[in-house]
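> I am sharing coords_0.tsv, which consists of TSV, C-alpha atoms:
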chain	number	residue	atom	x	y	z
A	1	GLY	CA	139.95	162.77	119.65
A	2	ASP	CA	136.22	163.33	119.63
A	3	SER	CA	134.86	165.68	122.28
A	4	VAL	CA	131.80	167.61	123.37
A	5	THR	CA	131.82	171.04	124.96
A	6	GLN	CA	128.73	172.49	126.56
A	7	MET	CA	128.07	175.67	128.45
A	8	GLU	CA	128.86	175.59	132.10
A	9	GLY	CA	126.11	175.94	134.60
A	10	PRO	CA	124.30	176.38	136.68
A	11	VAL	CA	121.69	178.13	134.58
A	12	THR	CA	118.82	179.73	136.52
A	13	LEU	CA	115.72	180.97	134.74
A	14	SER	CA	112.22	182.06	135.65
A	15	GLU	CA	109.26	179.95	134.61
A	16	GLU	CA	108.14	180.61	130.99
A	17	ALA	CA	111.55	182.01	130.02
A	18	PHE	CA	113.33	180.98	126.81
A	19	LEU	CA	116.10	178.43	127.23
A	20	THR	CA	119.27	177.91	125.23
A	21	ILE	CA	122.04	175.54	126.30
A	22	ASN	CA	124.99	175.68	123.94
A	23	CYS	CA	126.80	172.57	122.75
A	24	THR	CA	129.63	172.24	120.25
A	25	TYR	CA	131.51	169.16	119.21
A	26	THR	CA	134.72	167.98	117.64
A	27	ALA	CA	134.60	164.74	115.70
A	28	THR	CA	135.80	163.03	112.58
A	29	GLY	CA	133.10	162.07	110.16
A	30	TYR	CA	129.43	162.72	110.81
A	31	PRO	CA	128.49	161.69	114.34
A	32	SER	CA	125.01	161.23	115.68
A	33	LEU	CA	124.20	163.85	118.33
A	34	PHE	CA	122.09	163.54	121.46
A	35	TRP	CA	120.73	165.45	124.40
A	36	TYR	CA	120.18	163.50	127.59
A	37	VAL	CA	118.46	164.75	130.75
A	38	GLN	CA	119.12	163.61	134.32
A	39	TYR	CA	116.51	164.39	136.95
A	40	PRO	CA	117.55	164.31	140.62
A	41	GLY	CA	118.23	160.78	141.85
A	42	GLU	CA	117.66	159.22	138.45
A	43	GLY	CA	119.63	157.92	135.51
A	44	LEU	CA	120.04	159.67	132.19
A	45	GLN	CA	117.11	159.75	129.80
A	46	LEU	CA	117.42	160.30	126.07
A	47	LEU	CA	115.68	163.62	125.36
A	48	LEU	CA	116.27	163.96	121.63
A	49	LYS	CA	118.67	163.04	118.87
A	50	ALA	CA	119.74	163.92	115.34
A	51	THR	CA	121.66	161.62	113.06
A	52	LYS	CA	122.65	163.85	110.15
A	53	ALA	CA	123.32	167.45	109.26
A	54	ASP	CA	120.32	169.82	109.34
A	55	ASP	CA	118.20	167.26	111.20
A	56	LYS	CA	116.11	168.72	114.01
A	57	GLY	CA	115.49	166.58	117.05
A	58	SER	CA	112.50	167.47	119.22
A	59	ASN	CA	110.73	166.15	122.30
A	60	LYS	CA	108.64	167.61	125.16
A	61	GLY	CA	108.96	171.12	123.71
A	62	PHE	CA	112.77	170.92	123.45
A	63	GLU	CA	114.50	171.24	120.09
A	64	ALA	CA	118.04	171.01	118.76
A	65	THR	CA	119.31	171.32	115.19
A	66	TYR	CA	122.41	169.51	113.91
A	67	ARG	CA	124.57	172.30	112.42
A	68	LYS	CA	127.55	170.81	110.62
A	69	GLU	CA	128.95	174.17	109.51
A	70	THR	CA	129.24	175.39	113.09
A	71	THR	CA	129.65	171.91	114.66
A	72	SER	CA	126.88	172.76	117.09
A	73	PHE	CA	123.76	171.17	118.57
A	74	HIS	CA	122.26	173.80	120.86
A	75	LEU	CA	119.26	172.86	123.00
A	76	GLU	CA	116.31	175.27	123.04
A	77	LYS	CA	112.88	175.50	124.61
A	78	GLY	CA	110.47	178.35	124.18
A	79	SER	CA	108.88	178.34	127.64
A	80	VAL	CA	110.47	176.42	130.50
A	81	GLN	CA	108.63	174.97	133.46
A	82	VAL	CA	109.73	174.19	137.01
A	83	SER	CA	109.59	170.50	136.08
A	84	ASP	CA	112.40	171.07	133.54
A	85	SER	CA	114.87	171.56	136.37
A	86	ALA	CA	117.53	168.90	135.80
A	87	VAL	CA	121.04	168.35	134.45
A	88	TYR	CA	121.30	168.29	130.66
A	89	PHE	CA	124.05	166.43	128.81
A	90	CYS	CA	125.05	166.88	125.21
A	91	ALA	CA	126.59	163.77	123.67
A	92	LEU	CA	127.86	162.38	120.42
A	93	TYR	CA	128.34	158.98	118.91
A	94	SER	CA	131.01	158.25	116.40
A	95	SER	CA	132.24	154.88	115.28
A	96	ALA	CA	135.62	155.64	116.81
A	97	SER	CA	134.58	156.57	120.29
A	98	LYS	CA	131.13	155.26	121.18
A	99	ILE	CA	128.90	157.75	122.98
A	100	ILE	CA	130.81	160.42	124.80
A	101	PHE	CA	129.19	163.05	126.98
A	102	GLY	CA	129.74	166.68	127.75
A	103	SER	CA	130.20	167.78	131.33
A	104	GLY	CA	126.54	168.55	131.88
A	105	THR	CA	124.64	171.79	132.50
A	106	ARG	CA	122.51	172.13	135.61
A	107	LEU	CA	119.26	173.99	134.95
A	108	SER	CA	117.13	175.46	137.74
A	109	ILE	CA	113.74	177.05	137.04
A	110	ARG	CA	112.24	179.51	139.53
A	111	PRO	CA	108.43	179.55	139.89
B	1	ASP	CA	110.96	152.75	134.77
B	2	SER	CA	113.45	152.63	131.91
B	3	GLY	CA	113.56	148.84	131.75
B	4	VAL	CA	117.25	148.72	132.75
B	5	THR	CA	117.57	147.41	136.31
B	6	GLN	CA	120.58	148.06	138.50
B	7	THR	CA	121.21	146.62	141.94
B	8	PRO	CA	121.98	147.60	144.58
B	9	LYS	CA	120.92	151.26	144.57
B	10	HIS	CA	123.34	152.18	147.31
B	11	LEU	CA	126.51	150.54	148.56
B	12	ILE	CA	128.82	151.61	151.36
B	13	THR	CA	132.06	149.74	151.81
B	14	ALA	CA	135.55	150.16	153.20
B	15	THR	CA	138.79	150.81	151.36
B	16	GLY	CA	140.47	147.67	150.09
B	17	GLN	CA	137.22	145.77	149.71
B	18	ARG	CA	135.63	144.27	146.60
B	19	VAL	CA	132.07	144.83	145.38
B	20	THR	CA	129.90	143.61	142.53
B	21	LEU	CA	127.35	145.77	140.76
B	22	ARG	CA	124.64	144.11	138.74
B	23	CYS	CA	122.73	145.24	135.66
B	24	SER	CA	119.85	143.69	133.76
B	25	PRO	CA	119.39	145.28	130.35
B	26	ARG	CA	116.11	146.20	128.75
B	27	SER	CA	114.35	143.23	127.17
B	28	GLY	CA	115.72	142.61	123.69
B	29	ASP	CA	118.84	144.75	124.14
B	30	LEU	CA	122.10	142.94	123.42
B	31	SER	CA	124.60	145.65	124.36
B	32	VAL	CA	125.45	146.71	127.88
B	33	TYR	CA	127.58	149.72	128.76
B	34	TRP	CA	129.04	150.78	132.08
B	35	TYR	CA	129.69	154.41	132.98
B	36	GLN	CA	131.15	156.07	136.04
B	37	GLN	CA	129.80	159.47	137.08
B	38	SER	CA	131.83	161.49	139.55
B	39	LEU	CA	131.77	165.19	140.38
B	40	ASP	CA	135.24	165.90	139.05
B	41	GLN	CA	135.36	163.53	136.07
B	42	GLY	CA	131.84	163.75	134.72
B	43	LEU	CA	130.51	160.72	132.86
B	44	GLN	CA	133.28	158.32	131.91
B	45	PHE	CA	132.74	155.33	129.67
B	46	LEU	CA	134.17	152.18	131.25
B	47	ILE	CA	133.33	149.18	129.09
B	48	GLN	CA	130.85	147.70	126.64
B	49	TYR	CA	129.64	144.15	126.11
B	50	TYR	CA	127.66	142.87	123.18
B	51	ASN	CA	125.90	139.52	123.42
B	52	GLY	CA	128.41	138.21	125.93
B	53	GLU	CA	131.58	139.51	124.36
B	54	GLU	CA	133.64	142.55	125.27
B	55	ARG	CA	133.22	145.10	122.49
B	56	ALA	CA	134.95	148.26	123.68
B	57	LYS	CA	136.99	149.49	126.59
B	58	GLY	CA	137.21	153.01	127.89
B	59	ASN	CA	138.83	154.45	130.99
B	60	ILE	CA	138.47	151.32	133.06
B	61	LEU	CA	141.04	150.68	135.78
B	62	GLU	CA	142.82	147.33	136.00
B	63	ARG	CA	141.20	146.87	139.43
B	64	PHE	CA	137.82	146.86	137.70
B	65	SER	CA	136.43	144.07	135.54
B	66	ALA	CA	133.10	143.20	134.00
B	67	GLN	CA	131.32	140.39	132.24
B	68	GLN	CA	128.06	139.71	130.49
B	69	PHE	CA	126.33	136.40	131.08
B	70	PRO	CA	124.32	134.22	128.67
B	71	ASP	CA	121.06	135.71	129.96
B	72	LEU	CA	122.58	139.12	129.02
B	73	HIS	CA	122.78	140.53	132.51
B	74	SER	CA	126.10	142.11	133.35
B	75	GLU	CA	128.22	142.52	136.46
B	76	LEU	CA	130.86	145.12	137.18
B	77	ASN	CA	133.44	144.02	139.74
B	78	LEU	CA	135.42	146.66	141.60
B	79	SER	CA	138.30	145.50	143.78
B	80	SER	CA	140.94	147.01	146.08
B	81	LEU	CA	138.59	149.94	146.46
B	82	GLU	CA	139.95	153.41	147.09
B	83	LEU	CA	138.22	156.54	148.35
B	84	GLY	CA	138.39	157.96	144.83
B	85	ASP	CA	136.23	155.15	143.51
B	86	SER	CA	133.22	156.67	145.25
B	87	ALA	CA	130.83	157.58	142.44
B	88	LEU	CA	127.60	156.78	140.68
B	89	TYR	CA	127.91	153.78	138.40
B	90	PHE	CA	125.45	153.61	135.56
B	91	CYS	CA	124.57	150.76	133.30
B	92	ALA	CA	122.97	151.40	129.93
B	93	SER	CA	121.72	149.12	127.19
B	94	SER	CA	120.89	149.32	123.51
B	95	VAL	CA	119.67	146.98	120.82
B	96	GLY	CA	123.08	147.06	119.21
B	97	GLY	CA	123.65	150.22	117.27
B	98	ASP	CA	125.17	152.97	119.38
B	99	TRP	CA	123.88	155.58	116.99
B	100	SER	CA	120.33	155.08	118.27
B	101	GLY	CA	121.15	156.10	121.82
B	102	TYR	CA	121.21	154.24	125.08
B	103	THR	CA	118.68	153.49	127.80
B	104	PHE	CA	120.14	154.08	131.25
B	105	GLY	CA	119.42	152.46	134.57
B	106	SER	CA	119.00	154.55	137.71
B	107	GLY	CA	122.52	153.79	138.89
B	108	THR	CA	124.34	152.41	141.90
B	109	ARG	CA	125.79	154.95	144.31
B	110	LEU	CA	129.04	153.58	145.72
B	111	THR	CA	130.56	155.18	148.78
B	112	VAL	CA	134.00	154.01	149.88
B	113	VAL	CA	134.89	154.97	153.45
Let me see the structure of the file written as structure tokens.

Amino acid sequence: GDSVTQMEGPVTLSEEAFLTINCTYTATGYPSLFWYVQYPGEGLQLLLKATKADDKGSNKGFEATYRKETTSFHLEKGSVQVSDSAVYFCALYSSASKIIFGSGTRLSIRP
Amino acid sequence: DSGVTQTPKHLITATGQRVTLRCSPRSGDLSVYWYQQSLDQGLQFLIQYYNGEERAKGNILERFSAQQFPDLHSELNLSSLELGDSALYFCASSVGGDWSGYTFGSGTRLTVV
């Protein structure tokens, strides 16, 4: 069945460092891909999305490119801030399975 | 504020009891989804309703049930509660197409003692 695998955390970086959180997927067809972010004590918020191959989703300085050839959707940010500390979830939607989520990656940013 | 309202925010109850979680979707959204988030299972899809009708079922236990009312709010009923049911329960809504992504509420934290 469809699945999402993302790098295990926690990930700890210093402020202004470059961030990459890896995400790969297994799915039939061409699923839409998402990154969601969960701040402490809150629900999940849609961060960005891409609906077809080679699309780049971007928001708040975060980017992810839909790579069909490598079945990947890695999240990147050039310079992280303390306020980016949160749990990040990679997710996919396919007509067969609705939206399914990866296990989440906890990100902590040191001042 | 995401526009999806969940009540209550916290709930503490004893094993064997029954509870009802409530969700009001964002204005204009017809679909409601319920997810369970626990430390060991991650985010698990439970069930989806669209405009009052059940649309999809995920890993929902027989002890759990849900419905969506004509005003589009939804309730998740959990009965014969066990310690392992302690988790965060999230409701999400969308206009209809899952491909566009969901808007999540802030969740109900259920603790079974």
> Near chain A, which residues of chain B fall within 6 Å when you count all atoms listed in the file, and what do they look like as a list in words?
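Residues of chain B within 6 Å of chain A, counting all atoms listed in the file: Gly42, Trp99, Phe104, Gly105 and Ser106 of chain B.
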> To one decimal place in Å, what is the distance between atom CA of A:Glu76 and atom CA of A:Gly29?
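Interatomic distance, atom CA of A:Glu76 to atom CA of A:Gly29: 24.9 Å.
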> For atom CA of B:Ser80 and atom CA of B:Asn59, quote the distance in Å rounded to one decimal.
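Interatomic distance, atom CA of B:Ser80 to atom CA of B:Asn59: 17.0 Å.
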> First collect every listed atom of stretch 58-68 of chain B; then fit an axis-aligned box around them, widen it by 5 Å on each side, and give centre and edge lengths in Å to one decimal, as AutoDock Vina command-line options.

--center_x 135.4 --center_y 147.1 --center_z 133.7 --size_x 24.8 --size_y 24.7 --size_z 21.5
> For stretch 18-28 of chain A, work out the shell of residues within 7 Å, counting all atoms listed in the file and skipping chain neighbours fewer than 3 positions away, then give it as a list in words.
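Listing them by chain and then by number gives Gly1, Asp2, Ser3, Val4, Thr5, Gln6, Met7, Pro31, Thr71, Ser72, Phe73, His74, Leu75, Glu76, Lys77, Gly78, Ser79, Val80 and Cys90 of chain A.
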> Just how far from atom CA of A:Ser14 is atom CA of A:Gln81, in Å to one decimal?
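Pair atom CA of A:Gln81 / atom CA of A:Ser14 returns 8.2 Å.
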> Compile the contact shell of B:Val113 as a VMD selection string: residues with an atom at most 9 Å away, counting only C-alpha atoms, same-chain residues fewer than 6 positions apart removed.
chain B and resid 12 to 15 82 to 83 86
